[in-house]
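Below: the structure, in structure tokens.
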Amino acid sequence: MKKNNNYTSDFIRKLKKNKGALIAVVVIVLSAFVAVFAYFLAPDHSPYANRMIPEIANKRPGFHIEALRVKKERVVLKASFFERLLNGSESNYNLVPFISHEIKGDSIIIQKYIDEGISERKAYAKTILSEDPVEQIHFSLGSDRFGRDIASRLIVGTRVSLSVGAIAVIISLTIGIMLGALAGYFKGRTDDIIMWFINIIWSIPTLLLVFAITLVLGKGFWQVFIAVGLTMWVNVARLVRGQVLQAREMEYVEATKVLGFSNTRAIFNHILPNIMGPVIVIAANNFAAAIVIEAGLSFLGVGVQPPQPSWGLMIKENYNFIITHNPMLAISPGIAIMLLVLAFNLLGNGLRDALNVKSKL
């Protein structure tokens, strides 16, 4: 127990010395917080941050305008705390942007905003308006071609990137550890068959394999997670196989055989706990790779489907604006991808140094 405590404290001490890893941990923890409470942090609380105001489409960062809150014709049920936490809450009002307004009797007359320099005079009865009818709308990162808030969709899109990374890593670790451990421990024919299968999967380009799996499973939120996870286990399997081949020759493993322990107990209780350092490092790197792959799939139209926000999908919808008047529509999700991927890569490097697995990798 004392040895384990010393090892843990030594690991934490080394990790603390790595400033890049510490910054990465802060970025990842903040991203996780944003992902969990996305709908409470986003200015647009609607499901998928999909509130469309076509009149104010493609606006630059910092754009702000007043809007009239007009009651919807149908009744919108109030969402509970957990419903809002998971899926957001639909507003009871439609927003009508305006340049100026005046109150006359039982009505509010506005100069409805149509486009830059274009407006239309319209009147609304107070009975169809909110008790507090005027709302300030601010687009800190601008609005897309549908008039949706880019900042809100960027915040909600954090969920997709972290979720695909987590699920892909879980799937890849499950398959990779199982096959790698079997190949390394039993060797012989078992090893030959598993390595033959690994080499076949290894020879197929990752995106091509993901496309094939996506075509079988279909497009969608969960399908892309599974597809990415099923393509990332090969690295894990090869690493685990090599580590198990070394570990099975150690004296403590020979002792398990002499004592009559089962192969399952020897693998899961004695070998795997002693080789998890390199596996943790490759898991962090796979997390970063999964985020990039998901963004690429969404950009190509076979990943997360609209209206659900994904950083890759946001780039696809707005990349035409990179060379026009509003490049931030596509650059902001690109920066978000870069920062999160960099954070996981830095964390992987920090874990590698702290766990002292350079020679093993």
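Residue numbering restarts at 1 for every chain of the structure tokens, chains are lettered A, B, ... in their displayed order, and ligands are numbered from 1 as they appear.
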
With DSSP run on the backbone, what are the strand (DSSP E) residues within stretch 54-187 of chain A? I'd like them as a VMD selection string. chain A and resid 63 to 71 93 to 104 107 to 115 118 to 125 129 to 139

Mind writing the picked residues with C-alpha atoms as an mmCIF file, in the first residue's frame?
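Listed below is the output, again_38.cif:
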data_model
loop_
_atom_site.group_PDB
_atom_site.id
_atom_site.type_symbol
_atom_site.label_atom_id
_atom_site.label_comp_id
_atom_site.auth_asym_id
_atom_site.auth_seq_id
_atom_site.Cartn_x
_atom_site.Cartn_y
_atom_site.Cartn_z
ATOM 1 C CA PHE A 63 -23.959 42.606 -33.444
ATOM 2 C CA HIS A 64 -26.838 43.563 -31.176
ATOM 3 C CA ILE A 65 -30.430 44.610 -31.740
ATOM 4 C CA GLU A 66 -33.730 44.922 -29.893
ATOM 5 C CA ALA A 67 -36.515 42.431 -30.533
ATOM 6 C CA LEU A 68 -40.211 42.210 -29.723
ATOM 7 C CA ARG A 69 -41.346 39.098 -27.857
ATOM 8 C CA VAL A 70 -44.483 37.849 -29.622
ATOM 9 C CA LYS A 71 -46.413 34.943 -28.084
ATOM 10 C CA TYR A 93 -42.166 33.694 -27.778
ATOM 11 C CA ASN A 94 -41.007 34.466 -31.285
ATOM 12 C CA LEU A 95 -38.529 37.323 -31.576
ATOM 13 C CA VAL A 96 -39.174 40.099 -34.070
ATOM 14 C CA PRO A 97 -36.126 42.403 -34.471
ATOM 15 C CA PHE A 98 -36.810 46.120 -34.796
ATOM 16 C CA ILE A 99 -34.988 49.418 -35.177
ATOM 17 C CA SER A 100 -37.372 51.606 -33.166
ATOM 18 C CA HIS A 101 -40.707 51.297 -31.417
ATOM 19 C CA GLU A 102 -43.471 53.409 -29.927
ATOM 20 C CA ILE A 103 -46.452 52.625 -27.724
ATOM 21 C CA LYS A 104 -49.865 53.781 -28.926
ATOM 22 C CA SER A 107 -50.526 48.455 -29.456
ATOM 23 C CA ILE A 108 -46.812 48.694 -29.983
ATOM 24 C CA ILE A 109 -45.717 50.007 -33.360
ATOM 25 C CA ILE A 110 -42.246 49.036 -34.538
ATOM 26 C CA GLN A 111 -39.959 49.596 -37.484
ATOM 27 C CA LYS A 112 -39.290 45.931 -38.139
ATOM 28 C CA TYR A 113 -35.698 45.199 -39.144
ATOM 29 C CA ILE A 114 -35.554 43.552 -42.596
ATOM 30 C CA ASP A 115 -31.952 44.132 -43.610
ATOM 31 C CA ILE A 118 -34.364 48.369 -44.773
ATOM 32 C CA SER A 119 -37.274 48.317 -42.317
ATOM 33 C CA GLU A 120 -41.043 47.840 -42.291
ATOM 34 C CA ARG A 121 -43.666 49.504 -40.107
ATOM 35 C CA LYS A 122 -45.761 46.957 -38.183
ATOM 36 C CA ALA A 123 -48.171 47.082 -35.255
ATOM 37 C CA TYR A 124 -48.676 44.428 -32.562
ATOM 38 C CA ALA A 125 -51.465 44.299 -29.975
ATOM 39 C CA LEU A 129 -46.907 40.229 -26.478
ATOM 40 C CA SER A 130 -44.964 39.318 -23.379
ATOM 41 C CA GLU A 131 -45.445 41.366 -20.220
ATOM 42 C CA ASP A 132 -41.880 42.563 -20.798
ATOM 43 C CA PRO A 133 -42.119 42.813 -24.603
ATOM 44 C CA VAL A 134 -38.685 44.192 -25.531
ATOM 45 C CA GLU A 135 -35.590 41.984 -25.411
ATOM 46 C CA GLN A 136 -31.980 42.830 -26.167
ATOM 47 C CA ILE A 137 -30.273 40.309 -28.467
ATOM 48 C CA HIS A 138 -26.488 40.241 -28.549
ATOM 49 C CA PHE A 139 -24.430 38.019 -30.866
#

Close residues, A:Ala354 itself excluded, 12 Å, only C-alpha atoms, min 2 positions apart in chain, as a PDB file with N, CA and C atoms, in the first residue's frame:
ATOM      1  N   TYR A   7       4.006   5.761  -5.448  1.00  0.00           N
ATOM      2  CA  TYR A   7       3.918   5.823  -6.912  1.00  0.00           C
ATOM      3  C   TYR A   7       2.911   6.884  -7.351  1.00  0.00           C
ATOM      4  N   THR A   8       1.758   6.920  -6.636  1.00  0.00           N
ATOM      5  CA  THR A   8       0.721   7.905  -6.971  1.00  0.00           C
ATOM      6  C   THR A   8       1.203   9.326  -6.713  1.00  0.00           C
ATOM      7  N   SER A   9       1.833   9.539  -5.565  1.00  0.00           N
ATOM      8  CA  SER A   9       2.322  10.888  -5.245  1.00  0.00           C
ATOM      9  C   SER A   9       3.427  11.310  -6.203  1.00  0.00           C
ATOM     10  N   ASP A  10       4.249  10.375  -6.625  1.00  0.00           N
ATOM     11  CA  ASP A  10       5.308  10.674  -7.595  1.00  0.00           C
ATOM     12  C   ASP A  10       4.702  11.046  -8.943  1.00  0.00           C
ATOM     13  N   PHE A  11       3.641  10.313  -9.317  1.00  0.00           N
ATOM     14  CA  PHE A  11       2.939  10.608 -10.572  1.00  0.00           C
ATOM     15  C   PHE A  11       2.333  12.010 -10.540  1.00  0.00           C
ATOM     16  N   ILE A  12       1.653  12.352  -9.442  1.00  0.00           N
ATOM     17  CA  ILE A  12       1.019  13.674  -9.322  1.00  0.00           C
ATOM     18  C   ILE A  12       2.077  14.779  -9.323  1.00  0.00           C
ATOM     19  N   ARG A  13       3.197  14.530  -8.645  1.00  0.00           N
ATOM     20  CA  ARG A  13       4.267  15.533  -8.589  1.00  0.00           C
ATOM     21  C   ARG A  13       4.832  15.808  -9.985  1.00  0.00           C
ATOM     22  N   LYS A  14       5.062  14.753 -10.754  1.00  0.00           N
ATOM     23  CA  LYS A  14       5.588  14.927 -12.106  1.00  0.00           C
ATOM     24  C   LYS A  14       4.581  15.632 -13.006  1.00  0.00           C
ATOM     25  N   LEU A  15       3.293  15.285 -12.824  1.00  0.00           N
ATOM     26  CA  LEU A  15       2.264  15.912 -13.658  1.00  0.00           C
ATOM     27  C   LEU A  15       2.136  17.393 -13.348  1.00  0.00           C
ATOM     28  N   LYS A  16       2.276  17.763 -12.079  1.00  0.00           N
ATOM     29  CA  LYS A  16       2.181  19.163 -11.674  1.00  0.00           C
ATOM     30  C   LYS A  16       3.312  20.000 -12.255  1.00  0.00           C
ATOM     31  N   LYS A  17       4.461  19.381 -12.460  1.00  0.00           N
ATOM     32  CA  LYS A  17       5.599  20.104 -13.017  1.00  0.00           C
ATOM     33  C   LYS A  17       5.418  20.427 -14.495  1.00  0.00           C
ATOM     34  N   ASN A  18       4.547  19.682 -15.157  1.00  0.00           N
ATOM     35  CA  ASN A  18       4.314  19.874 -16.589  1.00  0.00           C
ATOM     36  C   ASN A  18       3.233  20.937 -16.784  1.00  0.00           C
ATOM     37  N   ALA A  21       0.540  20.203 -19.451  1.00  0.00           N
ATOM     38  CA  ALA A  21      -0.471  19.232 -19.023  1.00  0.00           C
ATOM     39  C   ALA A  21      -1.481  19.872 -18.073  1.00  0.00           C
ATOM     40  N   GLY A 277      -0.451   2.113 -17.783  1.00  0.00           N
ATOM     41  CA  GLY A 277       0.186   3.406 -18.051  1.00  0.00           C
ATOM     42  C   GLY A 277       0.194   3.762 -19.533  1.00  0.00           C
ATOM     43  N   PRO A 278       0.797   2.916 -20.396  1.00  0.00           N
ATOM     44  CA  PRO A 278       0.777   3.205 -21.834  1.00  0.00           C
ATOM     45  C   PRO A 278      -0.626   3.261 -22.419  1.00  0.00           C
ATOM     46  N   ILE A 280      -3.376   4.327 -20.913  1.00  0.00           N
ATOM     47  CA  ILE A 280      -3.968   5.627 -20.567  1.00  0.00           C
ATOM     48  C   ILE A 280      -3.457   6.717 -21.503  1.00  0.00           C
ATOM     49  N   VAL A 281      -2.170   6.662 -21.823  1.00  0.00           N
ATOM     50  CA  VAL A 281      -1.587   7.660 -22.724  1.00  0.00           C
ATOM     51  C   VAL A 281      -2.211   7.574 -24.106  1.00  0.00           C
ATOM     52  N   LEU A 347      -2.178  16.727 -22.702  1.00  0.00           N
ATOM     53  CA  LEU A 347      -2.434  15.854 -21.561  1.00  0.00           C
ATOM     54  C   LEU A 347      -1.796  14.484 -21.785  1.00  0.00           C
ATOM     55  N   GLY A 348      -1.906  13.967 -23.018  1.00  0.00           N
ATOM     56  CA  GLY A 348      -1.282  12.686 -23.323  1.00  0.00           C
ATOM     57  C   GLY A 348       0.219  12.730 -23.138  1.00  0.00           C
ATOM     58  N   ASN A 349       0.854  13.819 -23.593  1.00  0.00           N
ATOM     59  CA  ASN A 349       2.301  13.970 -23.407  1.00  0.00           C
ATOM     60  C   ASN A 349       2.674  14.064 -21.927  1.00  0.00           C
ATOM     61  N   GLY A 350       1.845  14.788 -21.174  1.00  0.00           N
ATOM     62  CA  GLY A 350       2.102  14.912 -19.741  1.00  0.00           C
ATOM     63  C   GLY A 350       1.955  13.588 -19.016  1.00  0.00           C
ATOM     64  N   LEU A 351       0.931  12.821 -19.379  1.00  0.00           N
ATOM     65  CA  LEU A 351       0.744  11.501 -18.771  1.00  0.00           C
ATOM     66  C   LEU A 351       1.897  10.569 -19.129  1.00  0.00           C
ATOM     67  N   ARG A 352       2.357  10.662 -20.372  1.00  0.00           N
ATOM     68  CA  ARG A 352       3.482   9.830 -20.811  1.00  0.00           C
ATOM     69  C   ARG A 352       4.721  10.106 -19.966  1.00  0.00           C
ATOM     70  N   ASN A 356       6.171   7.671 -17.042  1.00  0.00           N
ATOM     71  CA  ASN A 356       7.472   7.147 -17.481  1.00  0.00           C
ATOM     72  C   ASN A 356       7.299   5.968 -18.432  1.00  0.00           C
ATOM     73  N   VAL A 357       6.522   6.202 -19.506  1.00  0.00           N
ATOM     74  CA  VAL A 357       6.261   5.115 -20.447  1.00  0.00           C
ATOM     75  C   VAL A 357       6.868   5.407 -21.814  1.00  0.00           C
ATOM     76  N   LYS A 358       7.835   6.311 -21.888  1.00  0.00           N
ATOM     77  CA  LYS A 358       8.453   6.640 -23.181  1.00  0.00           C
ATOM     78  C   LYS A 358       9.065   5.402 -23.827  1.00  0.00           C
TER      79      LYS A 358
END

Please, what distance in Å, to one decimal, runs between atom CA of A:Phe186 and atom CA of A:Val244?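 Interatomic distance, atom CA of A:Phe186 to atom CA of A:Val244: 9.7 Å.
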
Selection near A:Pro327, 12 Å with only C-alpha atoms, sequence-local residues under 2 positions removed, as an MDAnalysis selection string: chainID A and resid 58:61 141:144 315 317:325 329:334

Name all residues at most 12 Å from A:Tyr252 (count only C-alpha atoms; drop same-chain ones fewer than 4 positions away) and give them as a ChimeraX atom specification. /A:247-248,256-259,261,266-267,269-271,274

Distance criterion (only C-alpha atoms): nearest to A:Thr158 out of A:Ser31, A:Thr264, A:Thr231, A:Asn285: A:Ser31

Applying 8 Å and only C-alpha atoms, which residues near A:Lys316 remain after dropping the ones on its own chain fewer than 5 positions away? List them as JSON, numbers by chain. {"A": [298, 299, 300, 330]}

How would the residues just chosen look if you wrote them out with N, CA and C atoms as a short mmCIF file (atom, residue, chain, number, x, y, z; two decimals), in the first residue's frame?
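After the write, out-v5.cif holds the following:
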data_model
loop_
_atom_site.label_atom_id
_atom_site.label_comp_id
_atom_site.auth_asym_id
_atom_site.auth_seq_id
_atom_site.Cartn_x
_atom_site.Cartn_y
_atom_site.Cartn_z
N SER A 298 -18.67 15.22 -39.92
CA SER A 298 -19.76 16.19 -39.94
C SER A 298 -19.57 17.20 -41.07
N PHE A 299 -18.31 17.59 -41.31
CA PHE A 299 -18.02 18.51 -42.41
C PHE A 299 -18.40 17.89 -43.75
N LEU A 300 -18.19 16.59 -43.88
CA LEU A 300 -18.50 15.89 -45.13
C LEU A 300 -19.96 15.48 -45.23
N ALA A 330 -16.86 30.55 -39.54
CA ALA A 330 -16.19 29.26 -39.70
C ALA A 330 -14.93 29.15 -38.86
#

Could you check which of A:Val169, A:Ile194, A:Ile150, A:Met328 is closest to A:Ala289, using only C-alpha atoms?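 Closest to A:Ala289 of all the choices is A:Val169.
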
For the structure I just gave you, how does DSSP split stretch 2-116 of chain A - specifically, which residues are alpha helix (DSSP H)? Reply as number ranges by chain. A: 2-17, 19-36, 38-41, 81-87

Emit the selected residues as a short mmCIF file (atom, residue, chain, number, x, y, z; two decimals), in the first residue's frame, including C-alpha atoms.
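After the write, again02.cif holds the following:
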data_model
loop_
_atom_site.label_atom_id
_atom_site.label_comp_id
_atom_site.auth_asym_id
_atom_site.auth_seq_id
_atom_site.Cartn_x
_atom_site.Cartn_y
_atom_site.Cartn_z
CA LYS A 2 2.85 2.36 0.85
CA LYS A 3 4.49 1.59 -2.48
CA ASN A 4 1.25 2.43 -4.32
CA ASN A 5 0.92 5.69 -2.40
CA ASN A 6 4.51 6.64 -3.26
CA TYR A 7 3.92 5.82 -6.91
CA THR A 8 0.72 7.90 -6.97
CA SER A 9 2.32 10.89 -5.24
CA ASP A 10 5.31 10.67 -7.60
CA PHE A 11 2.94 10.61 -10.57
CA ILE A 12 1.02 13.67 -9.32
CA ARG A 13 4.27 15.53 -8.59
CA LYS A 14 5.59 14.93 -12.11
CA LEU A 15 2.26 15.91 -13.66
CA LYS A 16 2.18 19.16 -11.67
CA LYS A 17 5.60 20.10 -13.02
CA LYS A 19 2.69 23.27 -17.22
CA GLY A 20 1.33 22.19 -20.59
CA ALA A 21 -0.47 19.23 -19.02
CA LEU A 22 -1.91 21.42 -16.24
CA ILE A 23 -3.25 23.94 -18.75
CA ALA A 24 -4.69 21.03 -20.74
CA VAL A 25 -6.45 19.70 -17.64
CA VAL A 26 -7.97 23.14 -16.99
CA VAL A 27 -9.19 23.40 -20.61
CA ILE A 28 -10.67 19.89 -20.52
CA VAL A 29 -12.40 20.43 -17.15
CA LEU A 30 -13.86 23.75 -18.34
CA SER A 31 -15.02 22.10 -21.57
CA ALA A 32 -16.69 19.32 -19.60
CA PHE A 33 -18.43 21.91 -17.39
CA VAL A 34 -19.61 23.80 -20.48
CA ALA A 35 -20.84 20.56 -22.06
CA VAL A 36 -22.89 19.54 -19.01
CA ALA A 38 -24.52 24.03 -22.07
CA TYR A 39 -28.16 25.11 -22.16
CA PHE A 40 -27.79 27.19 -19.00
CA LEU A 41 -24.67 28.93 -20.31
CA PHE A 81 -34.71 21.24 -14.65
CA PHE A 82 -33.44 17.92 -16.00
CA GLU A 83 -35.24 18.34 -19.34
CA ARG A 84 -33.65 21.75 -19.70
CA LEU A 85 -30.26 20.36 -18.65
CA LEU A 86 -30.41 17.64 -21.32
CA ASN A 87 -32.33 19.24 -24.18
#

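Minimum atom-to-atom distance to A:Ile282, evaluated using only C-alpha atoms, belongs to A:Gly176 out of A:Pro205, A:Gly260, A:Pro54, A:Gly176.
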
Mind checking which residues fall within 9 Å of A:Lys78, counting only C-alpha atoms, ignoring those fewer than 3 positions away in the same chain, and posting them as number ranges by chain? A: 89-92

Which is closer to A:Leu207 than all the others in A:Ala290, A:Asn263, A:Leu245, A:Leu179, using only C-alpha atoms? A:Ala290
